[in-house]
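*Asks:* My structure is in my_file_14.txt, and what it holds is compact mmCIF, C-alpha atoms:
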# COMPACT_ATOMS: atom_id res chain seq x y z
CA MET A 131 84.64 191.27 -7.24
CA THR A 132 84.01 194.14 -9.68
CA MET A 133 81.61 196.96 -8.94
CA ARG A 134 79.27 195.54 -11.54
CA ASP A 135 79.27 192.15 -9.79
CA ALA A 136 78.64 193.89 -6.48
CA ALA A 137 75.67 195.71 -8.01
CA LEU A 138 74.21 192.48 -9.30
CA GLU A 139 74.48 190.94 -5.84
CA ALA A 140 72.62 193.86 -4.30
CA PRO A 141 68.93 193.40 -3.60
CA SER A 142 66.85 193.88 -6.70
CA SER A 143 63.64 195.86 -6.71
CA ASP A 144 61.85 192.84 -8.16
CA ARG A 145 62.16 190.67 -5.08
CA ASN A 146 59.34 190.36 -2.62
CA ARG A 147 60.86 192.31 0.26
CA ASN A 148 60.12 195.62 1.88
CA PRO A 149 62.27 198.36 0.31
CA GLY A 150 64.35 200.32 2.85
CA GLU A 151 64.41 199.82 6.61
CA ASP A 152 61.17 198.71 8.27
CA GLY A 153 61.61 201.68 10.63
CA ILE A 154 61.28 204.21 7.81
CA TRP A 155 57.89 202.73 6.88
CA ILE A 156 56.71 203.08 10.50
CA PHE A 157 57.83 206.73 10.46
CA VAL A 158 56.18 207.33 7.06
CA GLY A 159 52.95 205.67 8.27
CA GLY A 160 52.86 207.92 11.35
CA ASP A 161 53.62 211.05 9.36
CA LEU A 162 51.04 210.26 6.68
CA SER A 163 48.40 209.68 9.37
CA ILE A 164 49.15 213.07 10.97
CA PHE A 165 48.93 214.84 7.59
CA ALA A 166 45.64 213.04 6.80
CA LEU A 167 44.34 214.46 10.07
CA PHE A 168 45.51 217.96 9.04
CA PHE A 169 43.65 217.59 5.72
CA VAL A 170 40.48 216.51 7.54
CA VAL A 171 40.68 219.41 10.02
CA PHE A 172 41.30 221.89 7.18
CA LEU A 173 38.31 220.65 5.19
CA TYR A 174 36.08 220.60 8.27
CA TYR A 175 36.80 224.26 9.04
CA ARG A 176 36.56 225.13 5.34
CA GLY A 177 33.02 223.71 5.41
CA LEU A 178 32.14 226.08 8.27
CA ASP A 179 33.14 229.20 6.30
CA LEU A 180 33.17 228.43 2.57
CA GLU A 181 33.05 232.06 1.51
CA LEU A 182 36.12 233.09 3.51
CA PHE A 183 38.16 230.05 2.42
CA ASN A 184 37.23 230.43 -1.27
CA GLN A 185 37.92 234.17 -1.24
CA SER A 186 41.27 233.77 0.53
CA ARG A 187 42.34 230.93 -1.79
CA GLU A 188 42.03 233.25 -4.78
CA ALA A 189 45.05 235.23 -3.56
CA LEU A 190 47.30 232.13 -3.88
CA SER A 191 49.36 231.74 -7.03
CA ILE A 192 48.30 228.56 -8.85
CA PRO A 193 51.26 228.81 -11.32
CA LEU A 194 53.74 228.84 -8.40
CA GLY A 195 51.98 225.87 -6.76
CA LEU A 196 52.01 224.06 -10.09
CA LEU A 197 55.70 224.88 -10.58
CA ASN A 198 56.53 223.43 -7.16
CA THR A 199 54.53 220.28 -7.99
CA LEU A 200 56.54 219.78 -11.20
CA ILE A 201 59.80 220.50 -9.32
CA LEU A 202 59.11 217.85 -6.69
CA LEU A 203 57.90 215.24 -9.21
CA THR A 204 61.08 215.74 -11.25
CA SER A 205 63.26 215.65 -8.15
CA SER A 206 61.65 212.32 -7.18
CA TRP A 207 62.25 211.00 -10.70
CA PHE A 208 65.96 211.95 -10.52
CA LEU A 209 66.27 210.18 -7.17
CA ALA A 210 64.45 207.04 -8.37
CA SER A 211 66.71 207.03 -11.46
CA ALA A 212 69.83 207.40 -9.26
CA ILE A 213 68.80 204.32 -7.26
CA GLU A 214 68.13 202.35 -10.46
CA ASP A 215 71.61 203.42 -11.64
CA MET A 216 73.22 202.09 -8.47
CA ARG A 217 71.38 198.78 -8.80
CA GLU A 218 72.57 198.47 -12.38
CA GLY A 219 76.15 199.40 -11.50
CA HIS A 220 76.16 202.88 -13.13
CA PHE A 221 77.93 204.25 -10.08
CA GLU A 222 79.43 207.25 -11.90
CA ARG A 223 76.07 208.75 -12.98
CA ALA A 224 74.11 208.25 -9.73
CA PRO A 225 75.77 211.17 -7.81
CA LYS A 226 74.96 213.54 -10.70
CA LEU A 227 71.30 212.55 -10.53
CA LEU A 228 71.36 213.04 -6.76
CA VAL A 229 72.77 216.56 -7.26
CA GLY A 230 69.90 217.22 -9.70
CA SER A 231 67.41 216.02 -7.11
CA ILE A 232 68.94 218.31 -4.44
CA VAL A 233 69.04 221.35 -6.75
CA LEU A 234 65.35 220.86 -7.57
CA GLY A 235 64.60 220.55 -3.83
CA LEU A 236 66.36 223.88 -3.30
CA GLY A 237 64.28 225.27 -6.18
CA PHE A 238 61.14 224.33 -4.24
CA VAL A 239 62.45 226.25 -1.20
CA LEU A 240 63.22 229.27 -3.40
CA VAL A 241 59.71 229.30 -4.91
CA LYS A 242 58.22 228.98 -1.42
CA TYR A 243 60.41 231.88 -0.25
CA PHE A 244 59.04 234.11 -3.05
CA GLU A 245 55.49 232.99 -2.26
CA TYR A 246 55.79 233.68 1.48
CA SER A 247 57.59 237.02 0.86
CA GLU A 248 54.86 238.19 -1.49
CA LYS A 249 52.14 237.25 0.98
CA ILE A 250 53.88 238.83 3.97
CA SER A 251 54.65 242.05 2.04
CA ASN A 252 50.90 242.26 1.31
CA GLY A 253 50.17 241.95 5.01
CA ILE A 254 48.94 238.34 4.78
CA THR A 255 50.24 236.40 7.76
CA LEU A 256 49.37 233.44 10.00
CA VAL A 257 46.86 235.56 11.92
CA THR A 258 45.07 237.14 8.92
CA ASN A 259 42.28 234.54 8.96
CA ASP A 260 41.64 230.79 9.40
CA PHE A 261 42.46 229.95 5.78
CA TYR A 262 45.89 231.55 5.95
CA MET A 263 46.55 229.99 9.35
CA TYR A 264 46.06 226.55 7.75
CA TYR A 265 47.98 227.66 4.65
CA TYR A 266 51.05 228.64 6.67
CA ILE A 267 50.84 225.66 9.04
CA LEU A 268 50.35 223.03 6.30
CA THR A 269 52.92 224.44 3.89
CA GLY A 270 55.30 225.31 6.75
CA ILE A 271 55.29 221.79 8.23
CA HIS A 272 55.68 220.39 4.72
CA LEU A 273 58.61 222.76 4.07
CA PHE A 274 60.21 221.65 7.34
CA HIS A 275 59.96 218.01 6.17
CA LEU A 276 61.46 219.01 2.82
CA ILE A 277 64.44 220.76 4.43
CA ILE A 278 65.12 217.63 6.53
CA GLY A 279 64.83 215.66 3.26
CA LEU A 280 67.48 217.90 1.68
CA GLY A 281 69.79 216.98 4.57
CA VAL A 282 69.04 213.29 3.92
CA LEU A 283 69.81 213.73 0.20
CA LEU A 284 73.10 215.51 0.98
CA PHE A 285 74.05 212.59 3.23
CA LEU A 286 73.19 210.12 0.43
CA LEU A 287 75.22 212.22 -2.03
CA LYS A 288 78.24 211.96 0.26
CA LYS A 289 77.74 208.19 0.50
CA SER A 290 77.30 207.90 -3.28
CA ARG A 291 80.85 209.19 -3.88
CA ASP A 292 82.18 205.79 -2.83
CA LEU A 293 80.00 202.85 -3.74
CA SER A 294 82.82 200.29 -3.92
CA ALA A 295 81.18 198.34 -1.10
CA TRP A 296 77.69 198.45 -2.67
CA GLY A 297 75.50 195.69 -1.29
CA ARG A 298 72.37 195.03 0.73
CA ASN A 299 73.22 197.52 3.50
CA SER A 300 73.93 200.44 1.17
CA ALA A 301 70.89 199.59 -0.97
CA THR A 302 68.69 199.67 2.14
CA LEU A 303 70.21 203.01 3.22
CA PHE A 304 69.56 204.66 -0.16
CA GLU A 305 66.06 203.19 -0.42
CA SER A 306 65.18 204.48 3.07
CA GLY A 307 66.30 208.01 2.20
CA ALA A 308 64.39 207.84 -1.09
CA ILE A 309 61.20 206.65 0.64
CA TYR A 310 61.35 209.74 2.89
CA TRP A 311 61.91 212.10 -0.06
CA HIS A 312 59.07 210.54 -2.07
CA MET A 313 56.80 210.96 0.99
CA VAL A 314 57.55 214.71 0.93
CA ASP A 315 56.59 214.66 -2.77
CA LEU A 316 53.32 212.76 -2.28
CA LEU A 317 52.23 215.02 0.61
CA TRP A 318 52.58 218.04 -1.67
CA ILE A 319 50.46 216.23 -4.31
CA PHE A 320 47.52 216.37 -1.84
CA ILE A 321 48.39 219.79 -0.31
CA PHE A 322 48.48 221.57 -3.70
CA PRO A 323 44.85 220.85 -4.75
CA LEU A 324 43.56 221.24 -1.17
CA LEU A 325 44.93 224.76 -0.72
CA TYR A 326 45.20 226.09 -4.28
CA LEU A 327 42.52 224.39 -6.40
CA LEU A 328 39.51 223.58 -4.22
CA ARG A 329 36.44 225.55 -5.34
CA MET B 188 70.86 209.11 -20.85
CA SER B 189 69.05 206.64 -23.12
CA THR B 190 68.88 204.09 -20.26
CA ILE B 191 67.07 206.67 -18.12
CA ILE B 192 64.55 207.50 -20.87
CA LYS B 193 63.67 203.83 -21.38
CA ARG B 194 63.12 203.17 -17.69
CA HIS B 195 59.84 202.38 -15.99
CA VAL B 196 60.32 205.28 -13.52
CA THR B 197 60.49 207.71 -16.45
CA LEU B 198 57.10 206.54 -17.70
CA VAL B 199 55.76 207.01 -14.16
CA TRP B 200 57.21 210.55 -14.01
CA PHE B 201 55.71 211.39 -17.41
CA SER B 202 52.29 210.11 -16.25
CA LEU B 203 52.54 212.20 -13.07
CA VAL B 204 53.37 215.36 -15.05
CA LEU B 205 50.55 214.66 -17.50
CA LEU B 206 48.02 214.15 -14.66
CA THR B 207 49.27 217.40 -13.03
CA PHE B 208 48.50 219.35 -16.22
CA VAL B 209 45.11 217.63 -16.61
CA ALA B 210 44.24 218.73 -13.03
CA TRP B 211 45.46 222.26 -13.74
CA PHE B 212 43.43 222.55 -16.96
CA THR B 213 40.39 221.18 -15.11
CA ALA B 214 40.81 223.80 -12.36
CA ASP B 215 41.40 226.54 -14.93
CA THR B 216 38.35 225.67 -17.03
CA VAL B 217 35.88 225.66 -14.16
CA THR B 218 36.25 229.41 -13.49
CA ILE B 219 33.89 230.12 -16.36
CA THR B 220 31.31 227.41 -15.71
CA ASP B 221 28.39 226.92 -13.34
CA VAL B 222 28.57 225.95 -9.66
CA ASP B 223 27.69 222.26 -10.18
CA THR B 224 30.44 221.87 -12.78
CA LYS B 225 32.91 223.50 -10.39
CA ARG B 226 32.03 220.97 -7.70
CA TRP B 227 32.44 217.96 -9.94
CA ALA B 228 35.65 219.40 -11.37
CA THR B 229 36.99 219.70 -7.82
CA VAL B 230 36.01 216.08 -7.15
CA ALA B 231 37.87 215.09 -10.34
CA ILE B 232 40.95 217.07 -9.21
CA LEU B 233 41.02 215.25 -5.86
CA VAL B 234 40.58 211.86 -7.57
CA LEU B 235 43.45 212.74 -9.95
CA ALA B 236 45.60 213.63 -6.91
CA TYR B 237 44.78 210.21 -5.44
CA PHE B 238 45.99 208.45 -8.59
CA LYS B 239 49.18 210.54 -8.55
CA VAL B 240 49.83 209.73 -4.88
CA ARG B 241 49.25 206.05 -5.61
CA LEU B 242 51.74 206.17 -8.50
CA VAL B 243 54.39 207.70 -6.20
CA ILE B 244 53.75 205.13 -3.45
CA GLN B 245 53.70 202.09 -5.73
CA HIS B 246 56.46 202.98 -8.19
CA PHE B 247 58.81 205.55 -6.61
CA MET B 248 58.57 204.26 -3.03
CA GLU B 249 58.39 200.75 -4.55
CA ALA B 250 55.57 199.60 -2.29
CA LYS B 251 54.45 197.35 -5.15
CA HIS B 252 57.48 195.13 -4.38
CA ALA B 253 56.83 195.09 -0.63
CA GLN B 254 55.36 192.27 1.42
CA LEU B 255 51.58 191.98 1.56
CA PRO B 256 50.85 193.81 4.88
CA LEU B 257 52.83 196.89 3.80
CA ARG B 258 51.32 196.78 0.31
CA VAL B 259 47.81 196.69 1.80
CA LEU B 260 48.54 199.57 4.23
CA MET B 261 49.99 201.69 1.45
CA GLU B 262 46.85 201.09 -0.64
CA ILE B 263 44.56 201.93 2.27
CA TRP B 264 46.15 205.32 3.21
CA PRO B 265 45.60 207.17 -0.08
CA LEU B 266 42.14 205.65 -0.58
CA ALA B 267 41.00 206.41 2.98
CA THR B 268 42.43 209.95 2.71
CA LEU B 269 40.61 210.49 -0.60
CA ILE B 270 37.28 209.23 0.81
CA LEU B 271 37.64 211.46 3.91
CA MET B 272 38.54 214.49 1.78
CA LEU B 273 35.66 213.96 -0.64
CA THR B 274 33.20 213.45 2.21
CA LEU B 275 34.28 216.62 3.99
CA TYR B 276 34.36 218.59 0.74
CA LEU B 277 30.90 217.50 -0.42
CA LEU B 278 29.11 217.44 2.96
CA PRO B 279 28.76 221.24 3.45
CA LEU B 280 27.45 221.57 -0.11
CA PHE B 281 24.47 219.30 0.54
CA THR B 282 23.56 220.36 4.08
Could I get this file's structure written as structure tokens?
*Replies:*
Amino acid sequence: MTMRDAALEAPSSDRNRNPGEDGIWIFVGGDLSIFALFFVVFLYYRGLDLELFNQSREALSIPLGLLNTLILLTSSWFLASAIEDMREGHFERAPKLLVGSIVLGLGFVLVKYFEYSEKISNGITLVTNDFYMYYYILTGIHLFHLIIGLGVLLFLLKKSRDLSAWGRNSATLFESGAIYWHMVDLLWIFIFPLLYLLR
Amino acid sequence: MSTIIKRHVTLVWFSLVLLTFVAWFTADTVTITDVDTKRWATVAILVLAYFKVRLVIQHFMEAKHAQLPLRVLMEIWPLATLILMLTLYLLPLFT
């Protein structure tokens, strides 16, 4: 069987089945629920002290938040394209797209590093006020998820070097990793307006 | 490269980037307008974020191909989160 034949036998995204392992969806569901709770708690306390939250928000850099949004969206696109490549049998291009996805993920970490450094050098820390406590907790937990995601992507990159046995099992593995990475992306899509844009 | 450009996921990515810039322009514009406009602009920004999250869930996470229970759950989460966020954002402004 050629690699192309193997790719065609792999599960297609058009079939009515759950992508990835069922377990990853349970994990994603739990994580999304916890983050929804964080968003609710943040907005509740924001409502109690609008002036402080609005004033503190103005010190955040919208261009850096926007840059990180674009970085994660593009990283997700690279990953989704890599998986499409594998399904279509373009096994030589998929690892390059995965590298692109990882590099962009590292770019997000770098931007966050500059953002945190700038804040800390200006004396703005977790204990400055309630807004910054939520800022550091929300973005910190998200960053932690992203760093785990980078580990997942590195593991997938290693696996993508040899796709000669591509089939249902490997498709499920790659889809599960991708579902996690896209979850990191979608959480940032809500975190960015909540922290940086709310007026 | 041409196969990537023509793909469905590329159109989704382009839409996500476009919506991101629309939200940014909306946020940027409201600095010079009145309080009511700011509020409704913020509502619009949160609704735009909901549509972006939905695009990621349906097309990148491929929930649109999943079985019905998972599809329903993955429609409920972003909508419920949006409703909760809008409620908690708007409530202090009217009380």
*Asks:* Kindly assemble as a Markdown table a list of the chain B residues that lie within 6 Å of chain A, each paired with its nearest atom pair and their distance in Å to one decimal, using all atoms listed in the file, sorted first by chain and then by ascending residue number.
*Replies:*
| residue | atom | partner | partner_atom | distance |
| --- | --- | --- | --- | --- |
| B:Thr229 | CA | A:Leu328 | CA | 5.9 |
| B:Val240 | CA | A:Leu316 | CA | 5.3 |
| B:Met248 | CA | A:Ile309 | CA | 5.1 |
| B:His252 | CA | A:Asn146 | CA | 5.4 |
| B:Ala253 | CA | A:Asn148 | CA | 4.2 |
| B:Gln254 | CA | A:Arg147 | CA | 5.6 |
| B:Leu275 | CA | A:Leu173 | CA | 5.8 |
| B:Pro279 | CA | A:Gly177 | CA | 5.3 |
*Asks:* Please measure the separation of atom CA of Gly235 of chain A and atom CA of Arg187 of chain A, giving the value in Å to one decimal.
*Replies:*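 Distance between the two atoms: 24.6 Å.
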*Asks:* List the neighbours of Ser186 of chain A out to 10 Å using all atoms listed in the file; skip same-chain residues closer than 5 positions along the sequence, and give me the result as a list in words.
*Replies:*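 In the requested form, the answer reads Leu180, Glu181, Ile254, Thr258, Asn259, Asp260, Phe261, Tyr262, Tyr265, Leu325 and Tyr326 of chain A.
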*Asks:* Nearest to Ile201 of chain A: which of B:Arg194, B:Trp200, B:Phe212, B:Trp264 is it, counting only C-alpha atoms?
*Replies:* B:Trp200
*Asks:* Distance atom CA of Val282 of chain A-atom CA of Ser231 of chain A, one decimal place?
*Replies:*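 It comes out at 11.5 Å.
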*Asks:* Go ahead and compute the interatomic distance for atom CA of Leu194 of chain A and atom CA of Glu245 of chain A, in Å to one decimal.
*Replies:*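 So the answer is 7.6 Å.
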*Asks:* Show me, as an mmCIF file with C-alpha atoms, keeping the file's coordinate frame, the residues that have an atom within 10 Å of Arg226 of chain B when counting all atoms listed in the file, minus same-chain residues fewer than 6 positions from it.
*Replies:*
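So result39.cif came out as:
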data_model
loop_
_atom_site.group_PDB
_atom_site.id
_atom_site.type_symbol
_atom_site.label_atom_id
_atom_site.label_comp_id
_atom_site.auth_asym_id
_atom_site.auth_seq_id
_atom_site.Cartn_x
_atom_site.Cartn_y
_atom_site.Cartn_z
ATOM 1 C CA LEU A 328 39.510 223.580 -4.220
ATOM 2 C CA ARG A 329 36.440 225.550 -5.340
ATOM 3 C CA VAL B 217 35.880 225.660 -14.160
ATOM 4 C CA ILE B 232 40.950 217.070 -9.210
ATOM 5 C CA TYR B 276 34.360 218.590 0.740
ATOM 6 C CA LEU B 277 30.900 217.500 -0.420
ATOM 7 C CA LEU B 280 27.450 221.570 -0.110
#
*Asks:* Mind checking which residues fall within 10 Å of Val234 of chain B, counting all atoms listed in the file, ignoring those fewer than 5 positions away in the same chain, and posting them as a list of chain:residue names?
*Replies:*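 These residues fall inside the cut-off: B:Ala210, B:Ala228, B:Thr229, B:Lys239, B:Val240, B:Leu266, B:Leu269, B:Ile270, B:Met272, B:Leu273.
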